[in-house]
$ cat model05.cif   # mmCIF, C-alpha atoms
data_protein
loop_
_atom_site.group_PDB
_atom_site.id
_atom_site.type_symbol
_atom_site.label_atom_id
_atom_site.label_comp_id
_atom_site.auth_asym_id
_atom_site.auth_seq_id
_atom_site.Cartn_x
_atom_site.Cartn_y
_atom_site.Cartn_z
ATOM 1 C CA MET A 744 -4.361 -31.116 2.310
ATOM 2 C CA THR A 745 -6.605 -30.462 5.311
ATOM 3 C CA ILE A 746 -4.499 -30.449 8.478
ATOM 4 C CA GLU A 747 -5.731 -32.660 11.331
ATOM 5 C CA ALA A 748 -2.944 -31.825 13.778
ATOM 6 C CA LEU A 749 -0.777 -28.724 14.137
ATOM 7 C CA THR A 750 2.180 -28.969 16.503
ATOM 8 C CA ILE A 751 4.072 -25.874 17.642
ATOM 9 C CA GLY A 752 7.634 -25.715 18.896
ATOM 10 C CA ARG A 753 11.102 -27.150 18.722
ATOM 11 C CA VAL A 754 12.842 -28.302 15.583
ATOM 12 C CA GLY A 755 16.445 -29.171 14.948
ATOM 13 C CA VAL A 756 18.933 -31.597 13.529
ATOM 14 C CA ASP A 757 19.950 -34.477 15.788
ATOM 15 C CA LEU A 758 23.450 -35.891 15.345
ATOM 16 C CA TYR A 759 23.855 -39.462 16.573
ATOM 17 C CA PRO A 760 27.251 -41.125 17.159
ATOM 18 C CA GLU A 761 27.966 -43.977 14.800
ATOM 19 C CA GLN A 762 30.235 -45.529 17.436
ATOM 20 C CA SER A 763 28.196 -46.924 20.324
ATOM 21 C CA GLY A 764 29.320 -46.715 23.935
ATOM 22 C CA VAL A 765 31.874 -43.977 23.159
ATOM 23 C CA PRO A 766 31.815 -40.542 24.861
ATOM 24 C CA LEU A 767 31.415 -37.586 22.512
ATOM 25 C CA ALA A 768 35.131 -36.789 22.774
ATOM 26 C CA GLY A 769 35.925 -40.134 21.171
ATOM 27 C CA VAL A 770 33.272 -40.198 18.441
ATOM 28 C CA SER A 771 34.619 -39.881 14.912
ATOM 29 C CA THR A 772 31.426 -39.887 12.805
ATOM 30 C CA PHE A 773 27.796 -38.902 13.284
ATOM 31 C CA ALA A 774 24.542 -39.559 11.423
ATOM 32 C CA LYS A 775 21.947 -36.809 11.203
ATOM 33 C CA SER A 776 18.221 -37.110 11.793
ATOM 34 C CA LEU A 777 15.304 -34.717 12.048
ATOM 35 C CA GLY A 778 14.648 -33.785 15.681
ATOM 36 C CA GLY A 779 12.831 -31.525 18.129
ATOM 37 C CA THR A 780 9.859 -32.487 20.279
ATOM 38 C CA ALA A 781 7.034 -30.828 18.361
ATOM 39 C CA THR A 782 8.546 -31.936 15.065
ATOM 40 C CA ASN A 783 8.954 -35.567 16.127
ATOM 41 C CA VAL A 784 5.380 -35.671 17.407
ATOM 42 C CA ALA A 785 4.083 -34.479 14.033
ATOM 43 C CA VAL A 786 6.172 -37.124 12.259
ATOM 44 C CA ALA A 787 4.857 -39.799 14.615
ATOM 45 C CA ALA A 788 1.264 -38.761 13.915
ATOM 46 C CA ALA A 789 1.903 -38.747 10.170
ATOM 47 C CA ARG A 790 3.316 -42.284 10.370
ATOM 48 C CA LEU A 791 -0.069 -43.293 11.772
ATOM 49 C CA GLY A 792 -1.909 -41.781 8.824
ATOM 50 C CA ARG A 793 -2.713 -38.347 10.215
ATOM 51 C CA SER A 794 -2.223 -35.161 8.202
ATOM 52 C CA ALA A 795 0.096 -33.052 10.318
ATOM 53 C CA ALA A 796 2.017 -29.791 10.132
ATOM 54 C CA VAL A 797 4.561 -28.020 12.339
ATOM 55 C CA LEU A 798 4.596 -24.333 13.199
ATOM 56 C CA THR A 799 8.252 -23.530 13.825
ATOM 57 C CA LYS A 800 11.250 -21.650 12.424
ATOM 58 C CA VAL A 801 14.707 -22.522 11.154
ATOM 59 C CA GLY A 802 17.766 -20.578 10.030
ATOM 60 C CA PRO A 803 18.661 -19.579 6.453
ATOM 61 C CA ASP A 804 21.138 -22.445 6.149
ATOM 62 C CA GLY A 805 21.543 -25.922 4.755
ATOM 63 C CA PHE A 806 20.151 -27.537 7.876
ATOM 64 C CA GLY A 807 17.010 -25.426 7.486
ATOM 65 C CA ASP A 808 16.651 -26.781 3.946
ATOM 66 C CA TYR A 809 17.161 -30.281 5.329
ATOM 67 C CA VAL A 810 14.375 -29.775 7.899
ATOM 68 C CA ARG A 811 11.851 -28.842 5.216
ATOM 69 C CA GLN A 812 12.926 -31.690 2.945
ATOM 70 C CA ALA A 813 12.828 -34.224 5.774
ATOM 71 C CA LEU A 814 9.375 -33.094 6.898
ATOM 72 C CA SER A 815 8.032 -33.497 3.364
ATOM 73 C CA GLY A 816 9.636 -36.923 3.162
ATOM 74 C CA PHE A 817 7.842 -37.968 6.348
ATOM 75 C CA GLY A 818 4.519 -36.669 5.027
ATOM 76 C CA VAL A 819 4.419 -33.637 7.336
ATOM 77 C CA SER A 820 3.550 -30.261 5.833
ATOM 78 C CA PRO A 821 6.440 -27.739 5.970
ATOM 79 C CA SER A 822 4.065 -24.888 5.040
ATOM 80 C CA TYR A 823 4.373 -23.244 8.457
ATOM 81 C CA VAL A 824 8.150 -23.537 8.848
ATOM 82 C CA GLY A 825 9.429 -19.967 8.808
ATOM 83 C CA THR A 826 12.949 -18.565 8.661
ATOM 84 C CA SER A 827 14.794 -16.402 11.181
ATOM 85 C CA PRO A 828 17.285 -14.588 8.958
ATOM 86 C CA ASP A 829 19.904 -13.913 11.644
ATOM 87 C CA LEU A 830 19.891 -17.266 13.462
ATOM 88 C CA LEU A 831 21.085 -20.809 12.789
ATOM 89 C CA THR A 832 19.029 -23.992 12.662
ATOM 90 C CA PRO A 833 19.624 -25.765 16.002
ATOM 91 C CA VAL A 834 21.873 -28.808 16.184
ATOM 92 C CA VAL A 835 21.759 -31.376 18.985
ATOM 93 C CA PHE A 836 24.481 -33.923 19.704
ATOM 94 C CA CYS A 837 23.261 -37.112 21.384
ATOM 95 C CA GLU A 838 25.525 -39.207 23.587
ATOM 96 C CA LEU A 839 24.190 -42.773 23.667
ATOM 97 C CA ASN A 840 25.252 -43.666 27.188
ATOM 98 C CA PRO A 841 23.219 -44.430 29.247
ATOM 99 C CA PRO A 842 20.809 -45.705 26.562
ATOM 100 C CA ALA A 843 17.602 -45.125 28.552
ATOM 101 C CA ASP A 844 18.302 -41.421 29.138
ATOM 102 C CA PRO A 845 21.142 -40.240 26.890
ATOM 103 C CA PRO A 846 22.670 -36.811 27.568
ATOM 104 C CA LEU A 847 21.938 -34.111 24.989
ATOM 105 C CA LEU A 848 24.210 -31.250 23.981
ATOM 106 C CA PHE A 849 22.083 -28.411 22.569
ATOM 107 C CA TYR A 850 23.487 -25.813 20.179
ATOM 108 C CA ARG A 851 20.699 -23.198 20.308
ATOM 109 C CA SER A 852 22.606 -19.991 21.096
ATOM 110 C CA PRO A 853 21.948 -17.124 21.347
ATOM 111 C CA VAL A 854 18.360 -18.311 20.884
ATOM 112 C CA ALA A 855 16.716 -20.966 18.737
ATOM 113 C CA PRO A 856 14.664 -19.784 15.747
ATOM 114 C CA ASP A 857 11.625 -21.704 17.034
ATOM 115 C CA LEU A 858 11.587 -19.421 20.084
ATOM 116 C CA THR A 859 11.326 -16.321 17.901
ATOM 117 C CA LEU A 860 7.800 -17.099 16.675
ATOM 118 C CA THR A 861 5.662 -13.965 16.506
ATOM 119 C CA GLU A 862 1.991 -13.386 15.768
ATOM 120 C CA ALA A 863 2.929 -12.679 12.147
ATOM 121 C CA ASP A 864 4.187 -16.268 11.799
ATOM 122 C CA VAL A 865 0.939 -17.891 12.958
ATOM 123 C CA PRO A 866 -1.715 -19.320 10.592
ATOM 124 C CA TRP A 867 -4.606 -18.065 12.701
ATOM 125 C CA ASP A 868 -7.307 -19.784 10.656
ATOM 126 C CA VAL A 869 -5.608 -23.134 11.270
ATOM 127 C CA VAL A 870 -5.192 -22.422 14.995
ATOM 128 C CA GLU A 871 -8.924 -21.796 15.325
ATOM 129 C CA SER A 872 -10.150 -24.707 13.211
ATOM 130 C CA VAL A 873 -7.619 -27.560 13.322
ATOM 131 C CA PRO A 874 -9.037 -30.677 15.050
ATOM 132 C CA LEU A 875 -5.962 -30.985 17.294
ATOM 133 C CA LEU A 876 -3.486 -28.325 18.419
ATOM 134 C CA TRP A 877 -0.283 -29.362 20.231
ATOM 135 C CA VAL A 878 1.760 -26.864 22.281
ATOM 136 C CA THR A 879 4.766 -27.346 24.555
ATOM 137 C CA GLY A 880 6.157 -26.030 27.806
ATOM 138 C CA THR A 881 9.406 -25.068 26.113
ATOM 139 C CA GLY A 882 7.405 -22.754 23.871
ATOM 140 C CA VAL A 883 6.833 -20.337 26.763
ATOM 141 C CA SER A 884 10.401 -20.332 28.086
ATOM 142 C CA VAL A 885 11.353 -16.998 26.440
ATOM 143 C CA GLU A 886 9.911 -14.111 24.469
ATOM 144 C CA PRO A 887 8.635 -13.587 21.832
ATOM 145 C CA ALA A 888 7.498 -17.218 21.609
ATOM 146 C CA ARG A 889 5.948 -17.002 25.093
ATOM 147 C CA ALA A 890 3.544 -14.197 24.195
ATOM 148 C CA THR A 891 2.814 -15.799 20.828
ATOM 149 C CA GLN A 892 1.884 -19.145 22.338
ATOM 150 C CA ARG A 893 -0.281 -17.436 24.957
ATOM 151 C CA LYS A 894 -2.120 -15.608 22.169
ATOM 152 C CA ILE A 895 -2.525 -18.871 20.277
ATOM 153 C CA LEU A 896 -4.163 -20.520 23.289
ATOM 154 C CA GLU A 897 -6.437 -17.546 23.910
ATOM 155 C CA THR A 898 -7.524 -17.586 20.268
ATOM 156 C CA ARG A 899 -8.052 -21.335 20.366
ATOM 157 C CA GLY A 900 -10.486 -20.868 23.250
ATOM 158 C CA ARG A 901 -9.870 -24.306 24.812
ATOM 159 C CA ARG A 902 -11.413 -26.046 21.864
ATOM 160 C CA GLU A 903 -11.196 -29.835 21.864
ATOM 161 C CA HIS A 904 -8.503 -31.092 21.321
ATOM 162 C CA THR A 905 -5.910 -28.640 22.685
ATOM 163 C CA VAL A 906 -2.948 -30.582 24.053
ATOM 164 C CA LEU A 907 -0.087 -29.397 26.264
ATOM 165 C CA ASP A 908 3.136 -31.406 26.212
ATOM 166 C CA LEU A 909 4.722 -30.262 29.496
ATOM 167 C CA ASP A 910 8.167 -30.790 27.914
ATOM 168 C CA TYR A 911 10.260 -29.426 30.795
ATOM 169 C CA ARG A 912 13.978 -29.160 30.056
ATOM 170 C CA PRO A 913 15.982 -27.371 32.772
ATOM 171 C CA MET A 914 18.506 -25.822 30.365
ATOM 172 C CA PHE A 915 15.772 -23.650 28.827
ATOM 173 C CA TRP A 916 14.749 -22.017 32.131
ATOM 174 C CA THR A 917 16.341 -19.710 34.688
ATOM 175 C CA SER A 918 14.606 -21.539 37.564
ATOM 176 C CA VAL A 919 12.024 -24.194 38.392
ATOM 177 C CA GLU A 920 9.821 -21.459 39.843
ATOM 178 C CA GLN A 921 9.771 -19.573 36.546
ATOM 179 C CA ALA A 922 8.945 -22.769 34.649
ATOM 180 C CA ARG A 923 6.138 -23.597 37.096
ATOM 181 C CA GLU A 924 4.569 -20.178 36.664
ATOM 182 C CA GLU A 925 4.723 -20.165 32.878
ATOM 183 C CA ILE A 926 3.939 -23.825 32.142
ATOM 184 C CA GLY A 927 1.370 -24.039 34.925
ATOM 185 C CA SER A 928 -0.570 -21.083 33.554
ATOM 186 C CA MET A 929 -1.084 -22.940 30.277
ATOM 187 C CA LEU A 930 -3.182 -25.589 32.022
ATOM 188 C CA ASP A 931 -6.111 -23.163 32.123
ATOM 189 C CA HIS A 932 -6.232 -23.118 28.315
ATOM 190 C CA VAL A 933 -5.893 -26.768 27.262
ATOM 191 C CA THR A 934 -8.054 -29.895 27.325
ATOM 192 C CA VAL A 935 -5.267 -32.486 27.614
ATOM 193 C CA ALA A 936 -1.867 -32.462 29.331
ATOM 194 C CA VAL A 937 0.869 -35.086 29.073
ATOM 195 C CA GLY A 938 4.157 -35.397 30.933
ATOM 196 C CA ASN A 939 6.327 -37.507 33.205
ATOM 197 C CA ARG A 940 6.566 -37.243 36.997
ATOM 198 C CA THR A 941 9.287 -34.589 36.900
ATOM 199 C CA GLU A 942 7.304 -32.503 34.435
ATOM 200 C CA VAL A 943 4.050 -32.654 36.377
ATOM 201 C CA GLU A 944 5.894 -31.650 39.546
ATOM 202 C CA VAL A 945 7.151 -28.560 37.734
ATOM 203 C CA ALA A 946 3.674 -27.789 36.377
ATOM 204 C CA VAL A 947 1.494 -28.388 39.454
ATOM 205 C CA GLY A 948 3.890 -28.747 42.397
ATOM 206 C CA THR A 949 3.712 -32.482 43.103
ATOM 207 C CA ALA A 950 5.323 -35.575 41.593
ATOM 208 C CA ASP A 951 2.646 -37.885 43.014
ATOM 209 C CA PRO A 952 0.747 -39.001 39.894
ATOM 210 C CA ASP A 953 -2.704 -39.158 41.490
ATOM 211 C CA GLU A 954 -2.350 -35.832 43.271
ATOM 212 C CA ALA A 955 -0.977 -34.242 40.101
ATOM 213 C CA ALA A 956 -3.918 -35.626 38.129
ATOM 214 C CA ASP A 957 -6.329 -34.169 40.713
ATOM 215 C CA ARG A 958 -4.735 -30.746 40.399
ATOM 216 C CA MET A 959 -4.875 -30.846 36.605
ATOM 217 C CA LEU A 960 -8.505 -31.923 36.492
ATOM 218 C CA GLU A 961 -9.386 -29.177 38.954
ATOM 219 C CA ARG A 962 -8.047 -26.732 36.361
ATOM 220 C CA GLY A 963 -10.651 -27.959 33.867
ATOM 221 C CA LEU A 964 -8.694 -30.514 31.864
ATOM 222 C CA ARG A 965 -10.597 -33.406 30.333
ATOM 223 C CA LEU A 966 -7.629 -35.776 30.255
ATOM 224 C CA ALA A 967 -4.369 -35.931 32.222
ATOM 225 C CA VAL A 968 -1.709 -38.374 31.029
ATOM 226 C CA ILE A 969 1.157 -38.977 33.454
ATOM 227 C CA LYS A 970 4.016 -41.234 32.409
ATOM 228 C CA LYS A 971 5.429 -43.211 35.355
ATOM 229 C CA GLY A 972 8.310 -45.000 33.636
ATOM 230 C CA ALA A 973 8.539 -48.633 34.717
ATOM 231 C CA ASP A 974 5.272 -48.186 36.649
ATOM 232 C CA GLY A 975 3.244 -47.549 33.498
ATOM 233 C CA VAL A 976 1.019 -44.634 32.532
ATOM 234 C CA LEU A 977 -1.757 -43.015 34.547
ATOM 235 C CA VAL A 978 -4.688 -41.630 32.561
ATOM 236 C CA ALA A 979 -7.275 -39.585 34.425
ATOM 237 C CA THR A 980 -10.537 -37.943 33.396
ATOM 238 C CA PRO A 981 -13.324 -36.373 35.466
ATOM 239 C CA ASP A 982 -15.074 -39.769 35.250
ATOM 240 C CA GLY A 983 -12.273 -42.077 36.400
ATOM 241 C CA ARG A 984 -8.613 -43.054 36.249
ATOM 242 C CA TRP A 985 -6.616 -46.039 35.175
ATOM 243 C CA THR A 986 -2.988 -47.195 35.138
ATOM 244 C CA VAL A 987 -1.790 -48.941 31.999
ATOM 245 C CA PRO A 988 1.221 -51.241 32.535
ATOM 246 C CA PRO A 989 4.471 -50.601 30.635
ATOM 247 C CA GLN A 990 5.726 -52.486 27.607
ATOM 248 C CA ARG A 991 8.867 -54.497 28.375
ATOM 249 C CA ILE A 992 11.574 -53.921 25.766
ATOM 250 C CA ASP A 993 15.351 -53.780 25.439
ATOM 251 C CA VAL A 994 16.212 -50.093 25.345
ATOM 252 C CA VAL A 995 18.540 -49.024 22.539
ATOM 253 C CA CYS A 996 17.960 -45.271 22.844
ATOM 254 C CA GLY A 997 15.310 -43.578 24.970
ATOM 255 C CA LEU A 998 15.393 -40.377 22.891
ATOM 256 C CA GLY A 999 12.151 -39.782 21.026
ATOM 257 C CA ALA A 1000 10.133 -42.376 22.936
ATOM 258 C CA GLY A 1001 7.969 -39.656 24.462
ATOM 259 C CA ASP A 1002 7.440 -38.132 21.032
ATOM 260 C CA GLY A 1003 6.347 -41.475 19.614
ATOM 261 C CA PHE A 1004 3.965 -41.678 22.562
ATOM 262 C CA GLY A 1005 2.721 -38.178 21.667
ATOM 263 C CA GLY A 1006 2.040 -39.001 18.031
ATOM 264 C CA ALA A 1007 0.046 -42.045 19.072
ATOM 265 C CA LEU A 1008 -1.823 -39.929 21.634
ATOM 266 C CA ILE A 1009 -2.814 -37.588 18.798
ATOM 267 C CA HIS A 1010 -4.012 -40.529 16.710
ATOM 268 C CA GLY A 1011 -6.050 -41.928 19.598
ATOM 269 C CA LEU A 1012 -7.667 -38.590 20.442
ATOM 270 C CA LEU A 1013 -8.613 -37.947 16.816
ATOM 271 C CA SER A 1014 -9.973 -41.507 16.587
ATOM 272 C CA GLY A 1015 -12.232 -40.928 19.593
ATOM 273 C CA TRP A 1016 -10.773 -43.827 21.562
ATOM 274 C CA ASP A 1017 -11.287 -44.274 25.301
ATOM 275 C CA PRO A 1018 -8.384 -43.219 27.582
ATOM 276 C CA VAL A 1019 -7.168 -46.742 28.331
ATOM 277 C CA ARG A 1020 -6.962 -47.716 24.674
ATOM 278 C CA ILE A 1021 -5.127 -44.495 23.900
ATOM 279 C CA ALA A 1022 -2.594 -45.119 26.672
ATOM 280 C CA GLU A 1023 -1.992 -48.740 25.666
ATOM 281 C CA TYR A 1024 -1.442 -47.735 22.058
ATOM 282 C CA ALA A 1025 0.808 -44.789 22.962
ATOM 283 C CA ASN A 1026 2.800 -46.951 25.384
ATOM 284 C CA ALA A 1027 3.487 -49.431 22.606
ATOM 285 C CA ALA A 1028 4.535 -46.655 20.217
ATOM 286 C CA GLY A 1029 6.959 -45.218 22.764
ATOM 287 C CA ALA A 1030 8.420 -48.642 23.492
ATOM 288 C CA LEU A 1031 9.093 -49.279 19.810
ATOM 289 C CA VAL A 1032 10.950 -45.968 19.485
ATOM 290 C CA ALA A 1033 13.036 -46.754 22.587
ATOM 291 C CA SER A 1034 14.056 -50.059 21.004
ATOM 292 C CA ARG A 1035 15.531 -48.211 18.005
ATOM 293 C CA LEU A 1036 18.149 -45.566 17.266
ATOM 294 C CA ALA A 1037 17.183 -42.018 16.187
ATOM 295 C CA CYS A 1038 13.977 -40.074 16.754
ATOM 296 C CA ALA A 1039 11.946 -39.106 13.693
ATOM 297 C CA ASP A 1040 13.228 -42.048 11.664
ATOM 298 C CA ALA A 1041 12.255 -44.442 14.464
ATOM 299 C CA MET A 1042 8.554 -43.539 14.649
ATOM 300 C CA PRO A 1043 6.448 -46.707 14.231
ATOM 301 C CA THR A 1044 3.642 -47.510 11.829
ATOM 302 C CA ALA A 1045 0.182 -48.617 12.943
ATOM 303 C CA ALA A 1046 0.959 -52.184 11.855
ATOM 304 C CA GLU A 1047 4.083 -52.277 14.054
ATOM 305 C CA ILE A 1048 2.163 -50.989 17.070
ATOM 306 C CA GLU A 1049 -0.645 -53.494 16.563
ATOM 307 C CA GLU A 1050 1.870 -56.322 16.271
ATOM 308 C CA LEU A 1051 3.513 -55.374 19.569
ATOM 309 C CA LEU A 1052 0.120 -55.124 21.281
#
$ encode --input "model05.cif" --output "structure tokens"
Amino acid sequence: MTIEALTIGRVGVDLYPEQSGVPLAGVSTFAKSLGGTATNVAVAAARLGRSAAVLTKVGPDGFGDYVRQALSGFGVSPSYVGTSPDLLTPVVFCELNPPADPPLLFYRSPVAPDLTLTEADVPWDVVESVPLLWVTGTGVSVEPARATQRKILETRGRREHTVLDLDYRPMFWTSVEQAREEIGSMLDHVTVAVGNRTEVEVAVGTADPDEAADRMLERGLRLAVIKKGADGVLVATPDGRWTVPPQRIDVVCGLGAGDGFGGALIHGLLSGWDPVRIAEYANAAGALVASRLACADAMPTAAEIEELL
């Protein structure tokens, strides 16, 4: 299989309460699902017919086996899922209240396997040739993954399409300043960046969508995608900018909505669509995920997105 999209970064097992509206202390049973930003994005792209793979690592445990099996079941290649022999596959507990932004409890200590990626783990021929490469801000939060992802971007040479998911999560950083330095430096090596207002403020120092877009484009990006929540999505290129209105849905669980958006963004970029069409399509994909429970399992098909549109 020829890979169209390679995503790099987080993987794990998400555990969702089977009792809604109950704090974690009162939950008696959980259901597991494949999780992790880069992993979910690859699954979302595969649901839309794209051949995708994830570059990541798991532990030598049953959950690591589950990750590989689940990826294959979703049509995502597990060929680049390595193993860190002394670490455990991450587990994340999801508390479903409030539904729009549920709290997450990460078990990734002392470090997650996906943050131990080294140059020896990287399929360099794929990095250089794959039509779309997807990296994340979390991927540069610690060494050795930080140096590895920097080397990946240098080797890639800002080839179209090289996408940065800003993916800022405070628990992975010692300070906002450190995150700004590391994530911000990646903007000089990518063609597309996507994030919400909090994430763009971390990356470029302002939460104002238009100002943030200006700062990103000044760094040489060809497309900046800034998610504004209930205010829609701003897409900006050197030739213009547009705001796409949000999809109105009843939120069941906001987890994974951004990843569904990301998978649709990949599909739109590889299809050569204009920025507005990409944003409308990605907005619909994210809305469908937010109206469902679980992340990877909730990623929509093209038919479902078209029906909502």
$ closest_residue --input "model05.cif" --among "A:Leu858, A:Gln921, A:Asp953, A:Asp910" --to "Thr941 in chain A" --atoms "all atoms listed in the file"
A:Asp910
$ residues_near_point --input "model05.cif" --point "(8.6, -39.5, 38.7)" --cutoff "6 Å" --atoms "all atoms listed in the file" --output "number ranges by chain"
A: 940-941, 950, 971
$ closest_residue --input "model05.cif" --among "A:Thr891, A:Pro766, A:Ser822, A:Thr750" --to "Thr905 in chain A" --atoms "all atoms listed in the file"
A:Thr750
$ atom_distance --input "model05.cif" --atom1 "CA of Ala967 in chain A" --atom2 "CA of Arg1020 in chain A"
14.2 Å
$ closest_residue --input "model05.cif" --among "A:Glu920, A:Glu886, A:Asp757, A:Glu871" --to "Val810 in chain A" --atoms "only C-alpha atoms"
A:Asp757
$ residues_near_point --input "model05.cif" --point "(-0.8, -34.8, 41.6)" --cutoff "12 Å" --atoms "all atoms listed in the file" --output "PyMOL selection string"
chain A and resi 938-961+967-969+977-979
$ closest_residue --input "model05.cif" --among "A:Gly825, A:Ala936, A:Val834, A:Lys970" --to "Leu847 in chain A" --atoms "only C-alpha atoms"
A:Val834
$ resolve_selection --input "model05.cif" --expression "the PyMOL selection byres ((chain A and resi 814) around 12)" --output "MDAnalysis selection string"
chainID A and resid 754:756 776:779 781:787 789:790 794:799 807:813 815:824 1039:1040
$ residues_around --input "model05.cif" --residues "Val1032 in chain A" --least-positions-apart "6" --cutoff "7 Å" --atoms "only C-alpha atoms" --output "ChimeraX atom specification"
/A:999-1000,1003,1041-1043
$ axis_aligned_box --input "model05.cif" --around "range 902-905 of chain A" --padding-each-side "3 Å" --output "AutoDock Vina command-line options"
--center_x -8.7 --center_y -28.6 --center_z 22.0 --size_x 11.5 --size_y 11.0 --size_z 7.4
$ resolve_selection --input "model05.cif" --expression "the PyMOL selection byres ((chain A and resi 1031) around 10)" --output "PyMOL selection string"
chain A and resi 990+992-995+997+1000+1003-1004+1025-1030+1032-1035+1041-1044+1047-1048+1051
$ atom_distance --input "model05.cif" --atom1 "CA of Glu838 in chain A" --atom2 "CA of Gly1001 in chain A"
17.6 Å
$ closest_residue --input "model05.cif" --among "A:Met744, A:Ala890, A:Val1019, A:Val873" --to "Glu903 in chain A" --atoms "all atoms listed in the file"
A:Val873
$ residues_around --input "model05.cif" --residues "Val878 in chain A" --least-positions-apart "3" --cutoff "7 Å" --atoms "all atoms listed in the file" --output "number ranges by chain"
A: 750-752, 906-908
$ residues_around --input "model05.cif" --residues "range 897-902 of chain A" --least-positions-apart "3" --cutoff "10 Å" --atoms "only C-alpha atoms" --output "ChimeraX atom specification"
/A:867-876,891-894,905-906,929-935,963-964
$ closest_residue --input "model05.cif" --among "A:Pro1018, A:Ile746, A:Tyr1024, A:Gly880" --to "Arg793 in chain A" --atoms "all atoms listed in the file"
A:Ile746
$ atom_distance --input "model05.cif" --atom1 "CA of Leu839 in chain A" --atom2 "CA of Tyr759 in chain A"
7.8 Å
$ residues_around --input "model05.cif" --residues "Phe773 in chain A" --least-positions-apart "3" --cutoff "9 Å" --atoms "all atoms listed in the file" --output "compact mmCIF listing (two decimals) with C-alpha atoms, in the frame of the given file"
# COMPACT_ATOMS: atom_id res chain seq x y z
CA LEU A 758 23.45 -35.89 15.34
CA TYR A 759 23.86 -39.46 16.57
CA PRO A 760 27.25 -41.12 17.16
CA GLU A 761 27.97 -43.98 14.80
CA GLN A 762 30.24 -45.53 17.44
CA VAL A 770 33.27 -40.20 18.44
CA PHE A 836 24.48 -33.92 19.70
$ residues_around --input "model05.cif" --residues "Pro828 in chain A" --least-positions-apart "4" --cutoff "10 Å" --atoms "all atoms listed in the file" --output "list in words"
Lys800, Val801, Gly802, Pro803, Asp804 and Pro856 of chain A
$ build_atoms --input "model05.cif" --residues "range 1016-1028 of chain A" --atoms "N, CA and C atoms" --output "compact mmCIF listing (two decimals), keeping the file's coordinate frame"
# COMPACT_ATOMS: atom_id res chain seq x y z
N TRP A 1016 -10.94 -42.66 20.70
CA TRP A 1016 -10.77 -43.83 21.56
C TRP A 1016 -10.95 -43.46 23.03
N ASP A 1017 -11.22 -44.50 23.86
CA ASP A 1017 -11.29 -44.27 25.30
C ASP A 1017 -9.87 -44.13 25.85
N PRO A 1018 -9.71 -43.52 27.05
CA PRO A 1018 -8.38 -43.22 27.58
C PRO A 1018 -7.47 -44.43 27.73
N VAL A 1019 -8.00 -45.56 28.14
CA VAL A 1019 -7.17 -46.74 28.33
C VAL A 1019 -6.60 -47.23 27.00
N ARG A 1020 -7.45 -47.28 25.99
CA ARG A 1020 -6.96 -47.72 24.67
C ARG A 1020 -5.90 -46.76 24.14
N ILE A 1021 -6.12 -45.48 24.34
CA ILE A 1021 -5.13 -44.50 23.90
C ILE A 1021 -3.79 -44.73 24.60
N ALA A 1022 -3.83 -44.94 25.90
CA ALA A 1022 -2.59 -45.12 26.67
C ALA A 1022 -1.88 -46.40 26.29
N GLU A 1023 -2.61 -47.48 26.08
CA GLU A 1023 -1.99 -48.74 25.67
C GLU A 1023 -1.30 -48.58 24.31
N TYR A 1024 -1.97 -47.94 23.41
CA TYR A 1024 -1.44 -47.74 22.06
C TYR A 1024 -0.21 -46.83 22.09
N ALA A 1025 -0.30 -45.73 22.87
CA ALA A 1025 0.81 -44.79 22.96
C ALA A 1025 2.01 -45.43 23.67
N ASN A 1026 1.74 -46.23 24.68
CA ASN A 1026 2.80 -46.95 25.38
C ASN A 1026 3.58 -47.83 24.42
N ALA A 1027 2.85 -48.54 23.58
CA ALA A 1027 3.49 -49.43 22.61
C ALA A 1027 4.32 -48.63 21.61
N ALA A 1028 3.79 -47.49 21.16
CA ALA A 1028 4.54 -46.66 20.22
C ALA A 1028 5.84 -46.16 20.83
